[in-house]
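Below: one structure, written as structure tokens.
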Amino acid sequence: MSKFDAIVIGSGQAGNPLSQKLADQGWTVALIEKEHLGGTCINTGCTPTKTMVASAQIAHYARHAATWGVHAGTVAVDLPMVVARKDRIVQQYRSGQERKIQERKNLHLYRGQARFIGPHKVRVGEEVLESEHIFIDTGARPDIPRLTGLDRVDYLTNESILELRELPEHLLVLGGGYVGLEFGQMFCRFGSQVTVIHRPSQILPREDSDVALELQRSLESEGIRFVLGANTNRAEKQNSQIVLTVESRNGSETLRGSHLLVATGRRPNTDDLGLETAGVQLTDKGFIRVNSKLETNVPGIWALGDVKGGPAFTHISYNDFQIVHANLVEGKNFTTENRPVPYAVFTDPELGRVGLTENEAQKRAYKLKTGKIPMAWVARAIERDETAGLMKLVVDADTDRILGAAILCTAGGELVQILGAVMLTGAPYTVLKGAIYIHPTFAEGFWTLMEQVR
């Protein structure tokens, strides 16, 4: 049995920096990883998908170049080259993580499945590791729905679709959330016909309806079809096609496609960790229960990232690392409470979001002011001929503090972070009314947005 100052299970965007930082503090650290270093983000999430989204955007610009007075000729997407470019970038990141581990002599990498055999003992293969500080960062995986016939269909997930070398003729997408929309638009721009089937009556059901509808209209203008309020009853293979039987508000319908992407949610990687042996409590959906300092009910065991539930974003995982390290090593008192969470949906237009939606703020009984403008009012958007989208601000009418914002436009994820920074300061939204904005930029739209707050 080997004893360590810390054991980190999972090398995701919390586990990697935590293991490295603790090693830099002189701790002996065991890092356990059963697959590739880097977790979801580097291998099957942010890095590969946004790399391929960039290729899809170039294809879109080239195909519509005449809009800007440029004649590009026939546009063809070489999917194997797109995937090869993605693989090169992913490997770059993986190699970087390997180097960081090799540079730290007191950081020991164990390859294999970790399983608790006690509150502070973990088995990896034939090895037993022990520590008073154990950190779980095992992430999540696609949650496959119970759908009749699905187990007999060669469906794709967000992971396997990244390896396609042949372009789908017609991609059926089961799920109109963040993952489904990003891949749907990506493959539409590559040249596939795309149909999105979604159980709720609104895409992105956690967003305000006006924001979701604006994005839907933009995606429909590119040729994506949406079947909303739909219950999918059956999946089957007929000859070379995948056939879905769907009941929607428009009645019964049979949808046929060459490929099926299942993007109906994520489930935590907790079912093979032996957490019951350690006494760690889980939620009904299998996520690890933690307090605001990310501690489990078992002293000396923490959970970070997607495995604990809550917003499933890479930057949340990294912030979890920051909280745990600050409390454990620096003697601070950081928590997850009251942190405004920025995120983006990497469609085009891009949806940048932070804080509460208008709907959420109403449910919390805030007295509200709101402001909203179309991107057609922003000079930079007009000049670029990218006027799809809107800017929306939600304000506490009693304090004039920003509660949340939605920026749906080119670089919406970049822009919304300006508003997130103002939220961190606790300043009223009115500080932005007197700001000087570079002309012409998308951020200049904030001046008009502030003027529209009522």
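Ligands are numbered from 1 in the order shown, residues from 1 within each chain, and chains are lettered A, B, ... in the order they appear in the structure tokens.
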
Polymer residues at most 6 Å from stretch 265-277 of chain A, only C-alpha atoms, same-chain spacing of 2 or more positions, as a compact mmCIF listing (two decimals) with C-alpha atoms, in the first residue's frame:
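Okay, this is what ended up in out13.txt:
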# COMPACT_ATOMS: atom_id res chain seq x y z
CA ARG A 115 -12.46 2.15 -6.69
CA PHE A 116 -12.87 2.97 -3.01
CA GLY A 118 -12.67 2.37 2.43
CA THR A 138 -14.54 11.92 -12.67
CA GLY A 139 -16.92 14.02 -14.76
CA ALA A 140 -19.98 12.83 -16.67
CA ARG A 141 -20.92 10.95 -19.84
CA PRO A 142 -23.85 10.93 -22.29
CA ASP A 143 -27.14 9.92 -20.71
CA ALA A 263 -27.91 14.56 -27.13
CA GLY A 279 -20.02 6.16 2.67
CA VAL A 280 -20.24 9.09 0.21
CA PHE A 287 -24.34 13.09 -8.49
CA VAL A 307 -19.60 14.79 -11.03

* Asked: Near A:Ser317, within 6 Å and counting only C-alpha atoms, which residues show up once chain neighbours fewer than 5 positions away are dropped, as JSON, numbers by chain?
  -> {"A": [13, 14, 305]}

How about saving the chosen residues, all heavy atoms kept, as a tab-separated table (two decimals), in the first residue's frame?
chain	number	residue	atom	x	y	z
A	13	GLN	N	-10.57	19.31	-15.69
A	13	GLN	CA	-10.15	20.70	-15.54
A	13	GLN	C	-10.18	21.18	-14.10
A	13	GLN	O	-9.88	22.36	-13.84
A	13	GLN	CB	-11.02	21.59	-16.43
A	13	GLN	CG	-10.90	21.25	-17.90
A	13	GLN	CD	-9.47	21.26	-18.40
A	13	GLN	OE1	-8.79	22.27	-18.32
A	13	GLN	NE2	-8.99	20.13	-18.90
A	14	ALA	N	-10.50	20.31	-13.17
A	14	ALA	CA	-10.28	20.57	-11.74
A	14	ALA	C	-9.14	19.70	-11.24
A	14	ALA	O	-8.25	20.15	-10.52
A	14	ALA	CB	-11.55	20.32	-10.94
A	305	GLY	N	-16.19	19.60	-10.21
A	305	GLY	CA	-16.57	19.46	-11.61
A	305	GLY	C	-17.94	18.85	-11.81
A	305	GLY	O	-18.79	18.86	-10.92

* Pull the strand (DSSP E) assignments for stretch 191-270 of chain A out of DSSP run on the backbone, and list those residues as a PyMOL selection string. => chain A and resi 193-198+225-228+231-238+241-248+251-257+259-262+266-268

* Structure fact -> Closest of A:Ser55, A:Thr245, A:Thr195, A:Thr49 to A:Asp78, counting only C-alpha atoms, is A:Ser55

* Do you know which residues are at most 8 Å from A:Lys372 counting only C-alpha atoms, after dropping those on the same chain fewer than 3 positions away, and could you put them as a list in words? -> Leu390, Met391, Lys392, Leu393, Leu449, Gln452 and Val453 of chain A

* Structure fact -> One residue among A:Ala312, A:Leu261, A:Met1, A:Leu219 is nearest to A:Glu130 when using only C-alpha atoms, and that residue is A:Met1

* Contacts of A:Arg111 at 9 Å or less, counting only C-alpha atoms, minus same-chain residues fewer than 6 places along, as an MDAnalysis selection string? -> chainID A and resid 31:35 124:125

Mind writing the picked residues with N, CA and C atoms as a PDB file, in the first residue's frame?
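Produced file result.pdb, reproduced below:
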ATOM      1  N   LEU A  31      -2.323  10.903  -8.963  1.00  0.00           N
ATOM      2  CA  LEU A  31      -3.349  11.276  -9.932  1.00  0.00           C
ATOM      3  C   LEU A  31      -3.771  10.018 -10.674  1.00  0.00           C
ATOM      4  N   ILE A  32      -5.068   9.707 -10.624  1.00  0.00           N
ATOM      5  CA  ILE A  32      -5.582   8.477 -11.234  1.00  0.00           C
ATOM      6  C   ILE A  32      -6.415   8.840 -12.462  1.00  0.00           C
ATOM      7  N   GLU A  33      -6.100   8.237 -13.582  1.00  0.00           N
ATOM      8  CA  GLU A  33      -6.840   8.486 -14.821  1.00  0.00           C
ATOM      9  C   GLU A  33      -6.974   7.182 -15.592  1.00  0.00           C
ATOM     10  N   LYS A  34      -8.213   6.817 -15.942  1.00  0.00           N
ATOM     11  CA  LYS A  34      -8.422   5.545 -16.651  1.00  0.00           C
ATOM     12  C   LYS A  34      -8.405   5.706 -18.171  1.00  0.00           C
ATOM     13  N   GLU A  35      -8.530   6.956 -18.655  1.00  0.00           N
ATOM     14  CA  GLU A  35      -8.507   7.166 -20.100  1.00  0.00           C
ATOM     15  C   GLU A  35      -7.460   8.213 -20.448  1.00  0.00           C
ATOM     16  N   VAL A 124      -6.403   0.774  -7.445  1.00  0.00           N
ATOM     17  CA  VAL A 124      -6.221   0.960  -8.887  1.00  0.00           C
ATOM     18  C   VAL A 124      -5.465  -0.257  -9.395  1.00  0.00           C
ATOM     19  N   GLY A 125      -6.152  -1.116 -10.127  1.00  0.00           N
ATOM     20  CA  GLY A 125      -5.511  -2.356 -10.550  1.00  0.00           C
ATOM     21  C   GLY A 125      -5.107  -3.164  -9.326  1.00  0.00           C
TER      22      GLY A 125
END

* To do: Would you kindly return, as a list in words, each protein, DNA or RNA residue with an atom no farther than 10 Å from any atom of A:Thr399, considering only C-alpha atoms and excluding same-chain residues fewer than 5 positions away?
  => Lys367, Leu368, Gly426, Ala427, Pro428 and Tyr429 of chain A

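Nearest-residue note for A:Thr425: choosing from A:Ile134, A:Ile203, A:Ile402, A:Val8, the minimum distance belongs to A:Ile402, counting only C-alpha atoms.
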
* For A:Ser131: contacts at 6 Å, only C-alpha atoms, fewer than 6 positions along chain excluded, given as a PyMOL selection string -> chain A and resi 3-6+120

Write the residues of the preceding selection, restricted to C-alpha atoms, as an mmCIF file, in the first residue's frame.
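Dumped everything to selection39.cif:
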data_model
loop_
_atom_site.group_PDB
_atom_site.id
_atom_site.type_symbol
_atom_site.label_atom_id
_atom_site.label_comp_id
_atom_site.auth_asym_id
_atom_site.auth_seq_id
_atom_site.Cartn_x
_atom_site.Cartn_y
_atom_site.Cartn_z
ATOM 1 C CA LYS A 3 0.442 6.553 1.165
ATOM 2 C CA PHE A 4 0.069 10.029 -0.331
ATOM 3 C CA ASP A 5 -0.711 13.506 0.928
ATOM 4 C CA ALA A 6 -3.490 13.651 -1.680
ATOM 5 C CA HIS A 120 -9.523 6.845 2.603
#

* Straight-line distance linking atom CA of A:Lys285 with atom CA of A:Gly112, stated in Å to one decimal -> 24.8 Å

* How would you write, as a ChimeraX atom specification, the set of residues in stretch 92-247 of chain A that DSSP gives as alpha helix (DSSP H)? -> /A:92-102,178-190,209-221

Filtering to N, CA and C atoms, could you give me those residues as an mmCIF file, in the first residue's frame?
data_model
loop_
_atom_site.group_PDB
_atom_site.id
_atom_site.type_symbol
_atom_site.label_atom_id
_atom_site.label_comp_id
_atom_site.auth_asym_id
_atom_site.auth_seq_id
_atom_site.Cartn_x
_atom_site.Cartn_y
_atom_site.Cartn_z
ATOM 1 N N GLN A 92 -2.092 17.925 -28.973
ATOM 2 C CA GLN A 92 -1.260 18.992 -28.425
ATOM 3 C C GLN A 92 -1.561 19.201 -26.943
ATOM 4 N N TYR A 93 -2.854 19.302 -26.630
ATOM 5 C CA TYR A 93 -3.268 19.527 -25.253
ATOM 6 C C TYR A 93 -2.908 18.331 -24.367
ATOM 7 N N ARG A 94 -3.160 17.121 -24.865
ATOM 8 C CA ARG A 94 -2.829 15.929 -24.077
ATOM 9 C C ARG A 94 -1.329 15.884 -23.764
ATOM 10 N N SER A 95 -0.520 16.165 -24.770
ATOM 11 C CA SER A 95 0.936 16.137 -24.580
ATOM 12 C C SER A 95 1.369 17.169 -23.559
ATOM 13 N N GLY A 96 0.709 18.319 -23.577
ATOM 14 C CA GLY A 96 1.021 19.349 -22.598
ATOM 15 C C GLY A 96 0.749 18.882 -21.179
ATOM 16 N N GLN A 97 -0.366 18.161 -20.995
ATOM 17 C CA GLN A 97 -0.685 17.638 -19.665
ATOM 18 C C GLN A 97 0.339 16.588 -19.234
ATOM 19 N N GLU A 98 0.763 15.756 -20.161
ATOM 20 C CA GLU A 98 1.767 14.727 -19.831
ATOM 21 C C GLU A 98 3.079 15.369 -19.392
ATOM 22 N N ARG A 99 3.475 16.440 -20.085
ATOM 23 C CA ARG A 99 4.717 17.125 -19.716
ATOM 24 C C ARG A 99 4.636 17.716 -18.307
ATOM 25 N N LYS A 100 3.497 18.287 -17.975
ATOM 26 C CA LYS A 100 3.343 18.901 -16.652
ATOM 27 C C LYS A 100 3.441 17.863 -15.538
ATOM 28 N N ILE A 101 2.970 16.661 -15.805
ATOM 29 C CA ILE A 101 3.087 15.588 -14.811
ATOM 30 C C ILE A 101 4.534 15.123 -14.702
ATOM 31 N N GLN A 102 5.185 14.955 -15.832
ATOM 32 C CA GLN A 102 6.573 14.480 -15.834
ATOM 33 C C GLN A 102 7.512 15.458 -15.150
ATOM 34 N N TYR A 178 -27.892 22.489 -25.511
ATOM 35 C CA TYR A 178 -26.647 23.108 -25.951
ATOM 36 C C TYR A 178 -25.868 22.199 -26.903
ATOM 37 N N VAL A 179 -25.701 20.931 -26.543
ATOM 38 C CA VAL A 179 -24.916 20.005 -27.351
ATOM 39 C C VAL A 179 -25.594 19.754 -28.697
ATOM 40 N N GLY A 180 -26.888 19.482 -28.672
ATOM 41 C CA GLY A 180 -27.619 19.189 -29.901
ATOM 42 C C GLY A 180 -27.577 20.333 -30.892
ATOM 43 N N LEU A 181 -27.705 21.575 -30.394
ATOM 44 C CA LEU A 181 -27.722 22.723 -31.299
ATOM 45 C C LEU A 181 -26.342 22.988 -31.892
ATOM 46 N N GLU A 182 -25.294 22.871 -31.083
ATOM 47 C CA GLU A 182 -23.946 23.111 -31.611
ATOM 48 C C GLU A 182 -23.601 22.116 -32.716
ATOM 49 N N PHE A 183 -23.874 20.833 -32.462
ATOM 50 C CA PHE A 183 -23.569 19.827 -33.484
ATOM 51 C C PHE A 183 -24.517 19.945 -34.667
ATOM 52 N N GLY A 184 -25.778 20.262 -34.409
ATOM 53 C CA GLY A 184 -26.734 20.401 -35.493
ATOM 54 C C GLY A 184 -26.318 21.468 -36.481
ATOM 55 N N GLN A 185 -25.947 22.645 -35.968
ATOM 56 C CA GLN A 185 -25.520 23.714 -36.873
ATOM 57 C C GLN A 185 -24.193 23.378 -37.546
ATOM 58 N N MET A 186 -23.288 22.748 -36.787
ATOM 59 C CA MET A 186 -21.996 22.374 -37.359
ATOM 60 C C MET A 186 -22.182 21.500 -38.585
ATOM 61 N N PHE A 187 -22.976 20.446 -38.463
ATOM 62 C CA PHE A 187 -23.128 19.520 -39.585
ATOM 63 C C PHE A 187 -24.015 20.087 -40.684
ATOM 64 N N CYS A 188 -24.926 20.971 -40.331
ATOM 65 C CA CYS A 188 -25.686 21.679 -41.362
ATOM 66 C C CYS A 188 -24.735 22.504 -42.226
ATOM 67 N N ARG A 189 -23.784 23.165 -41.593
ATOM 68 C CA ARG A 189 -22.825 23.978 -42.332
ATOM 69 C C ARG A 189 -21.812 23.125 -43.093
ATOM 70 N N PHE A 190 -21.558 21.927 -42.602
ATOM 71 C CA PHE A 190 -20.708 21.010 -43.369
ATOM 72 C C PHE A 190 -21.415 20.524 -44.630
ATOM 73 N N SER A 209 -37.776 32.647 -23.238
ATOM 74 C CA SER A 209 -38.390 32.236 -24.498
ATOM 75 C C SER A 209 -38.041 33.174 -25.650
ATOM 76 N N ASP A 210 -37.905 34.477 -25.383
ATOM 77 C CA ASP A 210 -37.591 35.400 -26.480
ATOM 78 C C ASP A 210 -36.189 35.159 -27.015
ATOM 79 N N VAL A 211 -35.260 34.795 -26.124
ATOM 80 C CA VAL A 211 -33.888 34.514 -26.555
ATOM 81 C C VAL A 211 -33.847 33.210 -27.360
ATOM 82 N N ALA A 212 -34.513 32.171 -26.833
ATOM 83 C CA ALA A 212 -34.521 30.881 -27.509
ATOM 84 C C ALA A 212 -35.184 30.975 -28.882
ATOM 85 N N LEU A 213 -36.275 31.728 -28.975
ATOM 86 C CA LEU A 213 -36.983 31.851 -30.249
ATOM 87 C C LEU A 213 -36.139 32.588 -31.284
ATOM 88 N N GLU A 214 -35.411 33.591 -30.846
ATOM 89 C CA GLU A 214 -34.553 34.325 -31.768
ATOM 90 C C GLU A 214 -33.460 33.418 -32.331
ATOM 91 N N LEU A 215 -32.864 32.578 -31.463
ATOM 92 C CA LEU A 215 -31.841 31.648 -31.941
ATOM 93 C C LEU A 215 -32.462 30.613 -32.871
ATOM 94 N N GLN A 216 -33.643 30.129 -32.535
ATOM 95 C CA GLN A 216 -34.300 29.136 -33.395
ATOM 96 C C GLN A 216 -34.543 29.699 -34.795
ATOM 97 N N ARG A 217 -35.013 30.929 -34.857
ATOM 98 C CA ARG A 217 -35.261 31.551 -36.167
ATOM 99 C C ARG A 217 -33.978 31.632 -36.992
ATOM 100 N N SER A 218 -32.888 31.961 -36.331
ATOM 101 C CA SER A 218 -31.620 32.073 -37.045
ATOM 102 C C SER A 218 -31.172 30.720 -37.575
ATOM 103 N N LEU A 219 -31.306 29.675 -36.758
ATOM 104 C CA LEU A 219 -30.908 28.334 -37.190
ATOM 105 C C LEU A 219 -31.825 27.820 -38.295
ATOM 106 N N GLU A 220 -33.099 28.127 -38.202
ATOM 107 C CA GLU A 220 -34.038 27.725 -39.255
ATOM 108 C C GLU A 220 -33.694 28.411 -40.581
ATOM 109 N N SER A 221 -33.181 29.628 -40.504
ATOM 110 C CA SER A 221 -32.830 30.350 -41.737
ATOM 111 C C SER A 221 -31.682 29.676 -42.474
#

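The interatomic distance for the pair atom CA of A:Thr430 and atom CA of A:Ile418 works out to 13.7 Å.
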
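Atom CA of A:Ala59 is positioned 19.8 Å from atom CA of A:Arg88.
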
* Near-stretch 335-350 of chain A list (7 Å; only C-alpha atoms; drop same-chain fewer than 6 positions) as a VMD selection string -> chain A and resid 178 181 to 182 185 292 to 293 323 388 to 389 408 to 413 417 420

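Checking A:Lys369, A:Arg401, A:Arg165, A:His64 one by one against A:Arg454, counting only C-alpha atoms, you find the shortest gap at A:Lys369.
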
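Distances here use only C-alpha atoms; by that measure, the residue among A:Leu37, A:Val262, A:Leu204, A:Leu162 closest to A:Pro145 is A:Val262.
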
* Pick out the closest residue to A:Val196 from this set: A:Leu260, A:Thr387, A:Arg249, A:Ile144. Count only C-alpha atoms. => A:Leu260
